[in-house]
Each structure stands twice: as structure tokens, then as C-alpha cells.
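Colleague: Pasting a structure below so you can have a look.
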Amino acid sequence: MEEPFLKPKPRRAASVSRWFIAATLGVAVLFAATAVTATWSSGPGVDGGIPQGQAAHMLGVGLDTAAADRLGVSTVSEPFWTNIRLPDTLKPLNYTIFLDVYLEPSFSYTGTVDVLIECLKETDLIVLHAKGDNMSVTSTSLHSTSHDAAPRVSSAAVHEAFEQIQFKLDREMDAGEKYILRVEFQQKLSKSMTGFYRSSYVRPSDGARRWLATTHFEPTDARQAFPCFDEPHLKAKFSLTLAHAASLVALSNMPAIGEPEATEEGRAVTSFDESVTMSTYLVAFVISDFKPIQRTSPKRGLEVRVWAPEHQVQQGKLALDAAAMILEFFEDFFGQPFPLPKCDLVAIPDFAAGAMENWGLITYRSTALLVDPDESSTSNREWVISVVSHELAHQWFGNLVTMEWWDDLWLNEGFASYVQDLGADYFDPSMRVSDQFSVTTLTTALGLDALATTHPIAVTVEDPNSINSIFDAISYSKGAAVIRMLKAVIGSDTFHSGLAAYLDAHKFQNANTNDLWKAWGAAAAGAGVGLGLGVSAANEDSPAASSSSGDNVTAVAVARPSIPPLDVAAVMDTWTRQPGFPLVTVTVNASRTGYVATQSRFFASPAAAKAAGKDGEQQAWNIPLTFVAQSRRSNAMPGFWRWFGCGRGGGTGCVPSTSSSGEHVWMARGPVSGDWGGKSVGWIKANAGQIGPYRVTYDDVTWGLLADQLRRNPNALSPTDRAGLLDDAFELARASRVGLTLPLNLTRYLPREKDYLPWSAALKGLDFLGNLLRSRPTYGAFCSYLMAVVAPAVRRVGWRNGGPHLERYLRIKLFNSALKCDFEPAKAGVLRDFRRWMRGGVKLPADARGLVYTEGVRAGGRREWERVRVALGKTHSPSEEARLRVALAATERPWLLRRVLGMALDQKEIRRQDAVGVICAVARNPVGEALAWEFLQEHWEQLKGLYGALSFELGTLLKCVIGAHAGSSAFRLNAVKTFFEGRDAAAASAALAQALEQAEANVDFLQRHEAELGAWLRAAVRKPRPSTRSKSL
């Protein structure tokens, strides 16, 4: 009954309109006797504005009242349904979609959507989503799949705020019956980067601008492309047909059915296979003149293609190779085959996000997919591989099994953010992506989650603005951190078996967080994993496994009996259903034979703690506390977990267990104390391997012992643990939990440090201080100290190309810090390369180019700036474009910075997707921070109009501009607050609150610590230090 309607297979037709009539003729005849159609005039149509009528002002979805009255259908101004969630009375099963798409000059399309719906409960109301300033609904009809007459559409309404179109029927639909709802409409291709929108690029061979049409529907913009039931749990199958210019190629989630059908008008009609069952936000289609490169996956032979403009498509080879290998890695990892017959990856010239996981048709920002081997740096290469891995992970976790509602967005994004590192390491282990987690993903999560304005991982959201606002570091990075922690606790085997069971039970359906916890809990029970088991010395995620055994390092423990079952939900809900994260305070007794550990919520500042009030004081977590320690007795390093909540010797809810690898104790929320059976330890480092998303502080003696160990032999601790100590110390000082001299004293060992991870953490903390001080008298002393610790490392790595992956990263970080303080030996080499590049004929190493361009422009004038601008106009490499754009914002000439800001709003100069990055680059320039703030004020309404629906873009803009301008001045901060009083930040409202809170914390920190910091720096730099006048490197 459904097949002819839902899966038409066209043959050559005289015209597009005649083709569509022919394709659906069987259905039209079948339902001719039962269909009652309500048609509204399209008014001026998509090229002539919005039709007029009582409801025309809502959403721009036109319901022309005069035409409706002639048909006996009324339009009403008050909606019938007043809930933002759709009624639970109807369920879509299949969509058949036909779109007749025209690019230039009209950039418009007409469409017909036929939705096969099942009536779950008797109802006389159909509510679905529609959105768009230029969408004009021209007709609607309802058909019954039985021979009974269908109810008649009697009236219609539009709910603007809820983005719904509502149809009232003259009688109820029957429960258990299936109906077909047809909606015909006209629409413009969007100028934004949401919905079905237009994009373009310039073809180098002739300078012609080439247009394309593409989609981005997540989270709530499928409704902008066609009327639909646009909620993630309302999954359906989709059959799509696109009419388009014959010179273009159409792509969608599924393969095309044969070759496109030609029409008399010289156009083409491409039909696609029916999709698997999926959510509306995963539907995708692209119409372009792109060309592909392709290969098959090594084992299964699955077709994988990368699509891009012809002059760029060969830059997709790295992504193509990575995708083919990582796809098969994830098939094994998830225990489920990739369910589609092909996988396309498309580089979109204008793209708001990094990428979008549309099932089988993954779309990317060009910089996240294309890598020119001669133009792209080590970081460009890693970025492409990581983003490819992230989106492929979604093909299972998000697409195959989808969250029921956006409350559980973190299930999609947190999981993909964690396993993307595993896929990247599988493709290229030399990148050590997983090793970087603690200084990238983890620190990003903790930075946002320390604010009072954070939110839980699992958070209630309803309207599109609030849904957009949770695409942030909490859903992505903190979500990844808690998944990583749980895997370490229960062990890899249990993790994988539970995950496979979860995916198998819910594939092609929806699930929630509790479903995942139940799957892992059942796997743990089946494997005999109880409270405390799951980590051993052999475990790949054991924190001890990553720690050095130098200086007699051991994990110390006392074995105790009994193993209760594991309640994953009870443990993990403390991490996902409340905001923030804990600070663990470890106090070792005078004999160094025992400890007391307490927990409290960590806040970025005293003001944040005060704002949270008693709610923050009462929070508690189930915390996996791991130790490595200096022992006089053993070099062995068994791993162990201790879960807080009980005193020494046990108590209610505390059942310790025995393991050959050491002590494993699960405890409920609260403090804990313990001893080491008379063993005396030296220093102790908690949260070994930085497995848990929390911070740790110690008593003064233990901090002193740790600092001494770093000075004597830093390799006694693993690079990850050294990085963790430094990061915790700096953040504790920012929060006034320890004195500022503590992290500064820890940095004294840095001239001996050779690993990237500790340097990354240390420079993060030092850069924070430098950014606050850059306009203060103390900045000179700061730079003198910074060069005292950085110069030896700068000389060691040298201004040269090559080396292992993380050594390349270290070189760039060190030189970047040196250049900020005008370290002459570093500066001379960089400027020498810039002058060589200016003369022409020299191709600089890709890793060095960003620094060379930026420093050359900063030290130069108009001539150097214009040279970089010319190079920007000539390059065809997305990664090279990005470096050159940032370099333009490095000039110290204010008038040139104003030109850069002006370019950001001129899409002929800077693409809309790149404008926020350019404005932020100006804001980071000390000369440009005030200019960027002035620019944001002058163009606020325009910027909000461009990015208001894109919370991550507008939020990024607010955080970088406010942070740079107001983060060190109470006067400027008050001016910023005054400006935003009464102004709506749309989907970025949460980001605005976070930006203001962070700026307040920074101002408060500077007021409290500037004198102390200045005194320490002046004392530190009185000691002999490396000269800044030595020869270039």
C-alpha cells in the first residue's frame, strides 16, 4: 500500500512537474475518492515576499486567508496547540520529498512533502514544524490509506515562537489508522548557514563564482527546509527526489537510483534510495558541481568518497584514507557494521560548525576536511583526522542510536568527543592524540564547569535557543571526560561489551542516559565487576600504567574484603545531573602513614562560590580517587580506586574489596580517611593519570614535597601527572584556594622539562597571567621571568622543522610565548624567515608559517600587511587562508585593524563562517582589544542577526571580545555590563553570562593578587637569567 507513494522510481519525463505527477500517479488515483485538499494561494510567491493574512506574520509561513475562505478553510490567529513539544498522537513513518531547486538568480525552490503517519491516539489536530521568513504553504491535504474518507482540514494556525504549523480537522482521525499528509510549499534558499542554504566559491581557472545548495539541520532546522515532525524521537524513513540544473550533481544520505533523469527544460531529476530509519536532523542533501575522489574500506570494500571543488578535491586524500580506516575501526569498536552502502564526506565553503554527522553524507568546514600536503601544518593534519573520526563515531553513537530528546545531547557529543581520539590514534598512533586529552578536552571542560553559570551535562531544554546553547564544552568535553573516567573504572572489556549491548538493543531507535547506564551495569554484573574492580596494572587505562617508576613511585594500598554489585547510574548521576565538579583536598598526617580526603565543589572564584550559595555547598560526588606516591619500599605500581564517602574502616554504603592490583573501594559521597598499613610515603599525587574530571589540592608539606620532586627529577611523575599538578595549581590560585606563589614556584623546574604535556599546562597558566598584565607595569618583570624558564627550552628545540608530532607542537608553543615577550633570539629567526618569504621564491615549513606571518605583520607596517593580504587572496588552501587571516589581525597599526574589522562583515573579503575568528584575533591583539569591543557595540544588531541562531559562533564572539576588553579592568567591565542591559543575546545568552562571570573573576583576581605577583616576579628575576641579546636560533 505504501510502496508506490514512498519510493517512486522515475523514468525520463518531459518536464519536472509532469515527472512528479507521473511518479505519484498511482497514489493519486488510489486516494482520489478519499482525499480532501485545502489549498492556499501562494500570493506573490517566494520571489515576491510573504503572502498577507492573519497568520502571515508568524514565521513567514504563508496561509492566505482569502483563498482559504473560498475553500471553506479558516486561518486563526490563536494556535490550537500551546506546547512547544509536539503532541504524542501521531507518528511519522515515511517521508517522500520532492524539491525543485533553482540556484542563481532566484535561489528558490518548490517542494512537496508526503508524510505517512500513524495515528496513535484519536485526534482532530495535526501539528508539525515549519520555519522560514520566505516559506509559503500553497496546499495541504490528508488522505486515508483505507477506503474510508479522511477527515477534512477545516482551519489552520501558525505558532511563531514554537515554529509550528497546525491543522484543525472537522473530525477525529482514528487510532491505529495510517494517513498521508501532503504539504506543498515554496521557499527561498537560506542566506544563513542553517536549514537548506546557499554557498559559493570562486573557481580559480576563470574567476567565476560557483553556487551550491547544502543543508545543516541540527538541531532544529530541518523544519526550515521542509515541513516535518522535527523532533529526534520521531524517526522515519526518507525518500528524496531533487530537481536541479543538469550541470550539477545531487547527493543525499543514500545512493542515487541510477543516473539522473533529463527533462525538456534541460534540467535533471535525481532520486535516491529510501533511507534507513532516522531523525529529521540527520537528513542531508547537497547540489553542486563538486568532484569526488574515492576508495573502498580495506576489509569490507565500503565505498567512501570525498567531494570538493575540482581545484581542491585532491586535498581530501588524507581525510579519505582516514575515513576508510576509521570506519572499519569503529565497526569493530561498536560491534555493529556500518548500516549504509556508502559514506560521502563533503567540504562546504560556508559552514558554521566544524562538521555535521548527517548519516552517510557528512558535511565539513573546508579546514576540517582538506589538507594540502605542502600547505598544512601538523595541527591542521591532526584536526582533520580528529574531526573525521568524531563524525564517523556519530554514525553509530547518535545516528544508529539517537537521544530521545536534546536533554541528552551529551550522549551524542560527549561520546563522540571521547572516542574520536581512539579513532585518530588507530589511524596514526604517532600523533598521541589520547595522550593530549588531559591538556585539551579535560582542561576545556573544567574551565567552563568551574563557573557558577555552568549547567549539568544532562540539562532540561525545550525551545530552539536553549537547545542551541548546550552545544558547548559541557556537552562535548565534560561528557567525554566522564565517559573516559567510567571506562577506566569498569575496564575496557566491560566497557565494550556494555556498549555493544546498548547499540544492539536500541539500533534505529532512541535511548536516554539511563539506558546506557543500565547496559554498562549489566555488562559489569555479567563480568563480575563489582565496586572497586575494573582497574588493574594491566588495564590500558590504568593511571598507574602511565606513571613513571622513577624515584620509587608506588600506589599504596591496604587490602580489604567483599565485593558488592556495581550501580553505574548511582555513581554517574552525580557527574551528569548536577553542575560543576569536585575539589578533593588530601591531607597527609605528620608521619606520612595516613591521610584524610574531603570534597567540595570547585569554583573559579570566590564570587562564583558565593553566587551558588548553599546549593553549591551541599553538592557531593562519587569520586574515583587514585594515588601514586613516593615509597621507600617498592617500585611496583599497582593501580587502585578509592571512592569517597566513608571513614576509615568502612561504614554505611562502604564495602571495600580485595584485588591483586591493590585496594579498590567504592564509597558514597563524603570524606574518607585511610592509612597504608604503617608504610611511610613521601609525596603523594592524587588523580593519577588525570582520569577523573576533578581537581586536587594538598597540605603544605605535600605540595612542598611535590615541588621538590619536580626540581630534582621530574620524570618520577608521568608527563600527564606533571601537567595535572601544574594545571591544578594555577587554577587553585585563580580561585584563591592556594597562594599564587605555589604555581609560580612549581614552574621553577621548567628549564628541565622536555615533554609537551607539562609545558602545555604551564604555559596555559602563565599566559593567563601575561594576558592580565600586558597593560600593567608588572608586565616587564613577568616577561623577564617567563624568558628565564622558557629560553633554555627554546634553545633546545630550536627554530627548525621536523621532529615527533608533540615536539613540533612544543616548538610552536615555546616560540609563541617567547615572541610575546620580544625574546630577541627567537624573534630574529622568525623575522628572517618572513623577510625571505616577502622576497618570494621561498616556501616556508607549514608548521612555522602561522608564527612567521603573525610576527612579520606585528613587527612590520602597511607593506607587510598588504603582502599578507595579497597572499590571502591567492591561496586555494583552507588552512593557509586561516593562518593569513589571523596574521592580518596582528598588526599594531590601529587603522589597519579597523580595515580588518571592516573586512569581517564584507563577505567578498571574509567568509561569514570565518568572520568571528577574525574579530577574535583583533581582540587578542593588545592594540585591537578596545577596537574589537567598539566594533561589537556598533554592529551588535547586525552580528546578532548573522549569528544569533548559532550559539557557538555568537558565544565565541562574546567570550573573546569581552574577555580581552573587560577581563583586567573593573571600569571596562562595568561599561560592558551597561551595554548589555536590556539586550537579548538570543541563543548565546548563556555564553554572555559566562563571559561576564569570567571577566568579573579575572578583575577580582588581579585586584587581589597584582601586588603579590609583582613582588614575587621582581624577586625571581633578580637572580641571573638567560640574556635576551644572544644570537638568533
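Residues are referred to by chain and number: the chain letter is A, B, ... according to the order shown in the C-alpha cells, the number counts from 1 in that chain, and ligands are numbered separately from 1 in the order shown.
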Need the shell around Arg198 of chain A: protein/DNA/RNA residues with any atom at most 8 Å away, counting only C-alpha atoms. Skip same-chain ones fewer than 2 positions apart. Format as a PyMOL selection string?
Modeller: chain A and resi 103+107+189-193+196+200+211-214
Colleague: How would the residues just chosen look if you wrote them out with all heavy atoms as a compact mmCIF listing (two decimals), in the first residue's frame?
Modeller:
# COMPACT_ATOMS: atom_id res chain seq x y z
N LEU A 103 19.20 27.59 -8.34
CA LEU A 103 20.23 28.45 -7.77
C LEU A 103 20.08 29.82 -8.40
O LEU A 103 18.99 30.34 -8.51
CB LEU A 103 21.61 27.81 -7.97
CG LEU A 103 21.83 26.52 -7.15
CD1 LEU A 103 23.15 25.86 -7.50
CD2 LEU A 103 21.76 26.82 -5.66
N PHE A 107 17.48 31.62 -6.35
CA PHE A 107 17.83 30.90 -5.13
C PHE A 107 16.56 30.48 -4.37
O PHE A 107 16.36 30.79 -3.21
CB PHE A 107 18.73 31.76 -4.23
CG PHE A 107 20.05 32.09 -4.85
CD1 PHE A 107 20.29 33.35 -5.36
CD2 PHE A 107 21.04 31.12 -4.98
CE1 PHE A 107 21.51 33.66 -5.96
CE2 PHE A 107 22.26 31.42 -5.58
CZ PHE A 107 22.49 32.70 -6.07
N LEU A 189 16.15 29.59 -0.68
CA LEU A 189 17.36 29.07 -0.06
C LEU A 189 17.86 30.08 0.96
O LEU A 189 17.95 31.28 0.68
CB LEU A 189 18.44 28.81 -1.11
CG LEU A 189 18.19 27.64 -2.07
CD1 LEU A 189 19.26 27.63 -3.17
CD2 LEU A 189 18.18 26.32 -1.33
N SER A 190 18.18 29.60 2.12
CA SER A 190 18.57 30.48 3.22
C SER A 190 19.91 31.16 2.92
O SER A 190 20.79 30.59 2.27
CB SER A 190 18.68 29.67 4.51
OG SER A 190 19.23 30.44 5.54
N LYS A 191 20.05 32.38 3.43
CA LYS A 191 21.33 33.08 3.36
C LYS A 191 22.18 32.81 4.60
O LYS A 191 23.34 33.19 4.65
CB LYS A 191 21.11 34.59 3.21
CG LYS A 191 20.47 35.00 1.90
CD LYS A 191 20.30 36.50 1.84
CE LYS A 191 19.64 36.94 0.54
NZ LYS A 191 19.46 38.42 0.49
N SER A 192 21.56 32.20 5.60
CA SER A 192 22.31 31.82 6.81
C SER A 192 22.99 30.49 6.53
O SER A 192 22.94 29.96 5.42
CB SER A 192 21.37 31.71 8.00
OG SER A 192 20.53 30.58 7.84
N MET A 193 23.60 29.93 7.53
CA MET A 193 24.24 28.62 7.37
C MET A 193 23.44 27.55 8.10
O MET A 193 23.98 26.61 8.66
CB MET A 193 25.69 28.69 7.88
CG MET A 193 26.58 29.56 7.00
SD MET A 193 28.28 29.76 7.61
CE MET A 193 28.02 30.96 8.93
N PHE A 196 18.22 24.70 4.61
CA PHE A 196 18.67 24.46 3.23
C PHE A 196 19.19 25.81 2.73
O PHE A 196 18.42 26.73 2.52
CB PHE A 196 17.48 23.97 2.40
CG PHE A 196 17.84 23.44 1.04
CD1 PHE A 196 19.12 23.04 0.70
CD2 PHE A 196 16.84 23.34 0.05
CE1 PHE A 196 19.42 22.54 -0.56
CE2 PHE A 196 17.13 22.84 -1.21
CZ PHE A 196 18.42 22.44 -1.51
N SER A 200 28.92 29.34 -1.86
CA SER A 200 29.60 29.56 -3.15
C SER A 200 31.10 29.53 -2.97
O SER A 200 31.62 29.61 -1.86
CB SER A 200 29.18 30.91 -3.75
OG SER A 200 29.70 31.99 -2.99
N TRP A 211 27.92 28.51 -7.46
CA TRP A 211 26.96 28.39 -6.37
C TRP A 211 26.61 26.93 -6.10
O TRP A 211 26.63 26.09 -7.01
CB TRP A 211 25.69 29.17 -6.69
CG TRP A 211 25.90 30.66 -6.66
CD1 TRP A 211 26.18 31.47 -7.72
CD2 TRP A 211 25.88 31.49 -5.51
NE1 TRP A 211 26.33 32.78 -7.30
CE2 TRP A 211 26.14 32.83 -5.94
CE3 TRP A 211 25.66 31.27 -4.15
CZ2 TRP A 211 26.19 33.90 -5.07
CZ3 TRP A 211 25.70 32.34 -3.27
CH2 TRP A 211 25.96 33.65 -3.74
N LEU A 212 26.28 26.66 -4.87
CA LEU A 212 25.80 25.34 -4.48
C LEU A 212 24.72 25.51 -3.44
O LEU A 212 24.58 26.59 -2.83
CB LEU A 212 26.93 24.47 -3.93
CG LEU A 212 27.66 24.99 -2.68
CD1 LEU A 212 27.97 23.84 -1.71
CD2 LEU A 212 28.99 25.65 -3.11
N ALA A 213 23.95 24.46 -3.22
CA ALA A 213 22.93 24.43 -2.17
C ALA A 213 23.24 23.26 -1.26
O ALA A 213 23.54 22.16 -1.73
CB ALA A 213 21.54 24.29 -2.77
N THR A 214 23.18 23.50 0.05
CA THR A 214 23.54 22.46 1.01
C THR A 214 22.66 22.60 2.24
O THR A 214 21.90 23.56 2.38
CB THR A 214 25.03 22.56 1.37
OG1 THR A 214 25.40 21.45 2.21
CG2 THR A 214 25.34 23.86 2.10
Colleague: List the neighbours of Ala611 of chain A out to 9 Å using only C-alpha atoms; skip same-chain residues closer than 5 positions along the sequence, and give me the result as a list in words.
Modeller: Ala452, Pro606 and Gly616 of chain A
Colleague: Could you save those same residues with all heavy atoms as a PDB file, in the first residue's frame?
Modeller:
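Done, and the output landed in again-v9.pdb:
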ATOM      1  N   ALA A 452      29.869  29.597  38.031  1.00  0.00           N
ATOM      2  CA  ALA A 452      28.534  29.464  38.617  1.00  0.00           C
ATOM      3  C   ALA A 452      27.475  29.348  37.538  1.00  0.00           C
ATOM      4  O   ALA A 452      26.385  28.816  37.771  1.00  0.00           O
ATOM      5  CB  ALA A 452      28.241  30.652  39.526  1.00  0.00           C
ATOM      6  N   PRO A 606      35.953  33.135  44.297  1.00  0.00           N
ATOM      7  CA  PRO A 606      35.103  33.253  45.490  1.00  0.00           C
ATOM      8  C   PRO A 606      33.719  33.795  45.163  1.00  0.00           C
ATOM      9  O   PRO A 606      32.731  33.388  45.778  1.00  0.00           O
ATOM     10  CB  PRO A 606      35.892  34.227  46.371  1.00  0.00           C
ATOM     11  CG  PRO A 606      37.314  34.079  45.937  1.00  0.00           C
ATOM     12  CD  PRO A 606      37.255  33.818  44.462  1.00  0.00           C
ATOM     13  N   GLY A 616      25.574  24.960  46.211  1.00  0.00           N
ATOM     14  CA  GLY A 616      26.928  24.520  45.907  1.00  0.00           C
ATOM     15  C   GLY A 616      27.598  23.844  47.080  1.00  0.00           C
ATOM     16  O   GLY A 616      28.332  22.864  46.919  1.00  0.00           O
TER      17      GLY A 616
END
Colleague: Would you mind listing what lies within 12 Å of Leu819 of chain A as a count of residues only, with only C-alpha atoms counted and same-chain residues fewer than 5 positions away left out?
Modeller: 25
Colleague: Point out the residue among A:Ala480, A:Ala156, A:Ala368, A:Ala458 with the least atom-to-atom distance to Met403 of chain A, counting only C-alpha atoms.
Modeller: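 Nearest to Met403 of chain A: A:Ala458.
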Colleague: Residues of segment 288-373 of chain A that approach segment 382-399 of chain A to 9 Å or less, counting only C-alpha atoms: could you list each one with the shortest pair of atoms and its distance in Å to one decimal, rows by chain and increasing residue number, as a Markdown table?
Modeller:
| residue | atom | partner | partner_atom | distance |
| --- | --- | --- | --- | --- |
| A:Leu318 | CA | A:Ile385 | CA | 7.8 |
| A:Ala319 | CA | A:Ile385 | CA | 6.4 |
| A:Ala322 | CA | A:Ile385 | CA | 6.4 |
| A:Ala323 | CA | A:Val388 | CA | 6.4 |
| A:Ile326 | CA | A:Ser389 | CA | 6.5 |
| A:Leu327 | CA | A:Leu392 | CA | 6.5 |
| A:Phe330 | CA | A:Ala393 | CA | 6.8 |
| A:Glu331 | CA | A:Trp396 | CA | 8.8 |
| A:Phe334 | CA | A:Trp396 | CA | 7.5 |
| A:Gln336 | CA | A:Trp396 | CA | 8.0 |
| A:Phe338 | CA | A:Gln395 | CA | 7.6 |
| A:Pro339 | CA | A:Gln395 | CA | 8.8 |
| A:Leu345 | CA | A:Val388 | CA | 8.7 |
| A:Gly354 | CA | A:Val387 | CA | 7.5 |
| A:Ala355 | CA | A:Glu391 | CA | 7.2 |
| A:Met356 | CA | A:Glu391 | CA | 6.8 |
| A:Glu357 | CA | A:Glu391 | CA | 5.0 |
| A:Asn358 | CA | A:Gln395 | CA | 8.0 |
| A:Trp359 | CA | A:Gln395 | CA | 6.1 |
| A:Gly360 | CA | A:Gln395 | CA | 7.8 |
| A:Ile362 | CA | A:Glu391 | CA | 7.3 |
| A:Tyr364 | CA | A:Val387 | CA | 8.7 |
| A:Thr367 | CA | A:Val384 | CA | 7.4 |
| A:Ala368 | CA | A:Val384 | CA | 4.7 |
| A:Leu369 | CA | A:Val384 | CA | 5.4 |
| A:Leu370 | CA | A:Val384 | CA | 7.2 |
| A:Val371 | CA | A:Val384 | CA | 7.5 |
Colleague: From a DSSP calculation on the backbone, collect every residue of segment 848-915 of chain A in alpha helix (DSSP H) and output the set as a PyMOL selection string.
Modeller: chain A and resi 848-859+862-874+878-888+894-904+912-915
Colleague: Would you kindly return, as a PyMOL selection string, each protein, DNA or RNA residue with an atom no farther than 12 Å from any atom of Gly526 of chain A, considering only C-alpha atoms and excluding same-chain residues fewer than 3 positions away?
Modeller: chain A and resi 490+493-495+497-498+501+519-523+529-530+565-566
Colleague: Write the residues you've just listed into a file as a PDB file, in the first residue's frame, and include N, CA, C and O atoms for each of them.
Modeller:
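The result, stored in result_11.pdb:
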ATOM      1  N   ILE A 490      35.537   0.689  35.014  1.00  0.00           N
ATOM      2  CA  ILE A 490      34.956  -0.646  34.793  1.00  0.00           C
ATOM      3  C   ILE A 490      35.830  -1.521  33.913  1.00  0.00           C
ATOM      4  O   ILE A 490      35.612  -2.725  33.831  1.00  0.00           O
ATOM      5  N   ASP A 493      37.120  -4.221  28.649  1.00  0.00           N
ATOM      6  CA  ASP A 493      36.273  -5.327  28.188  1.00  0.00           C
ATOM      7  C   ASP A 493      34.813  -5.087  28.571  1.00  0.00           C
ATOM      8  O   ASP A 493      33.898  -5.260  27.754  1.00  0.00           O
ATOM      9  N   THR A 494      34.592  -4.687  29.825  1.00  0.00           N
ATOM     10  CA  THR A 494      33.229  -4.409  30.274  1.00  0.00           C
ATOM     11  C   THR A 494      32.645  -3.220  29.526  1.00  0.00           C
ATOM     12  O   THR A 494      31.467  -3.221  29.139  1.00  0.00           O
ATOM     13  N   PHE A 495      33.451  -2.220  29.316  1.00  0.00           N
ATOM     14  CA  PHE A 495      33.019  -1.027  28.573  1.00  0.00           C
ATOM     15  C   PHE A 495      32.532  -1.419  27.185  1.00  0.00           C
ATOM     16  O   PHE A 495      31.446  -1.016  26.757  1.00  0.00           O
ATOM     17  N   SER A 497      31.662  -4.453  25.966  1.00  0.00           N
ATOM     18  CA  SER A 497      30.516  -5.368  25.919  1.00  0.00           C
ATOM     19  C   SER A 497      29.223  -4.643  26.258  1.00  0.00           C
ATOM     20  O   SER A 497      28.174  -4.886  25.636  1.00  0.00           O
ATOM     21  N   GLY A 498      29.271  -3.733  27.222  1.00  0.00           N
ATOM     22  CA  GLY A 498      28.076  -2.957  27.538  1.00  0.00           C
ATOM     23  C   GLY A 498      27.667  -2.047  26.405  1.00  0.00           C
ATOM     24  O   GLY A 498      26.470  -1.887  26.100  1.00  0.00           O
ATOM     25  N   ALA A 501      26.016  -4.062  23.628  1.00  0.00           N
ATOM     26  CA  ALA A 501      24.649  -4.448  24.001  1.00  0.00           C
ATOM     27  C   ALA A 501      23.692  -3.269  23.882  1.00  0.00           C
ATOM     28  O   ALA A 501      22.551  -3.425  23.426  1.00  0.00           O
ATOM     29  N   ALA A 519      22.996  -0.641  30.497  1.00  0.00           N
ATOM     30  CA  ALA A 519      23.774  -1.563  29.665  1.00  0.00           C
ATOM     31  C   ALA A 519      25.149  -1.805  30.265  1.00  0.00           C
ATOM     32  O   ALA A 519      25.629  -2.952  30.318  1.00  0.00           O
ATOM     33  N   TRP A 520      25.791  -0.759  30.725  1.00  0.00           N
ATOM     34  CA  TRP A 520      27.115  -0.936  31.333  1.00  0.00           C
ATOM     35  C   TRP A 520      27.004  -1.632  32.697  1.00  0.00           C
ATOM     36  O   TRP A 520      27.878  -2.418  33.069  1.00  0.00           O
ATOM     37  N   GLY A 521      25.936  -1.344  33.437  1.00  0.00           N
ATOM     38  CA  GLY A 521      25.740  -2.041  34.700  1.00  0.00           C
ATOM     39  C   GLY A 521      25.547  -3.532  34.500  1.00  0.00           C
ATOM     40  O   GLY A 521      26.113  -4.359  35.232  1.00  0.00           O
ATOM     41  N   ALA A 522      24.750  -3.909  33.496  1.00  0.00           N
ATOM     42  CA  ALA A 522      24.532  -5.326  33.208  1.00  0.00           C
ATOM     43  C   ALA A 522      25.818  -5.998  32.752  1.00  0.00           C
ATOM     44  O   ALA A 522      26.114  -7.139  33.134  1.00  0.00           O
ATOM     45  N   ALA A 523      26.607  -5.294  31.950  1.00  0.00           N
ATOM     46  CA  ALA A 523      27.881  -5.852  31.496  1.00  0.00           C
ATOM     47  C   ALA A 523      28.827  -6.049  32.664  1.00  0.00           C
ATOM     48  O   ALA A 523      29.546  -7.053  32.746  1.00  0.00           O
ATOM     49  N   VAL A 529      32.316  -7.640  37.599  1.00  0.00           N
ATOM     50  CA  VAL A 529      32.940  -6.387  38.015  1.00  0.00           C
ATOM     51  C   VAL A 529      32.076  -5.769  39.097  1.00  0.00           C
ATOM     52  O   VAL A 529      30.934  -5.381  38.848  1.00  0.00           O
ATOM     53  N   GLY A 530      32.597  -5.696  40.310  1.00  0.00           N
ATOM     54  CA  GLY A 530      31.871  -5.103  41.407  1.00  0.00           C
ATOM     55  C   GLY A 530      32.453  -3.763  41.772  1.00  0.00           C
ATOM     56  O   GLY A 530      33.284  -3.217  41.062  1.00  0.00           O
ATOM     57  N   PRO A 565      27.682  -5.416  44.144  1.00  0.00           N
ATOM     58  CA  PRO A 565      27.430  -5.149  42.720  1.00  0.00           C
ATOM     59  C   PRO A 565      27.607  -3.671  42.390  1.00  0.00           C
ATOM     60  O   PRO A 565      27.566  -2.811  43.269  1.00  0.00           O
ATOM     61  N   LEU A 566      27.769  -3.418  41.111  1.00  0.00           N
ATOM     62  CA  LEU A 566      28.035  -2.051  40.632  1.00  0.00           C
ATOM     63  C   LEU A 566      26.736  -1.390  40.178  1.00  0.00           C
ATOM     64  O   LEU A 566      26.019  -1.924  39.331  1.00  0.00           O
TER      65      LEU A 566
END
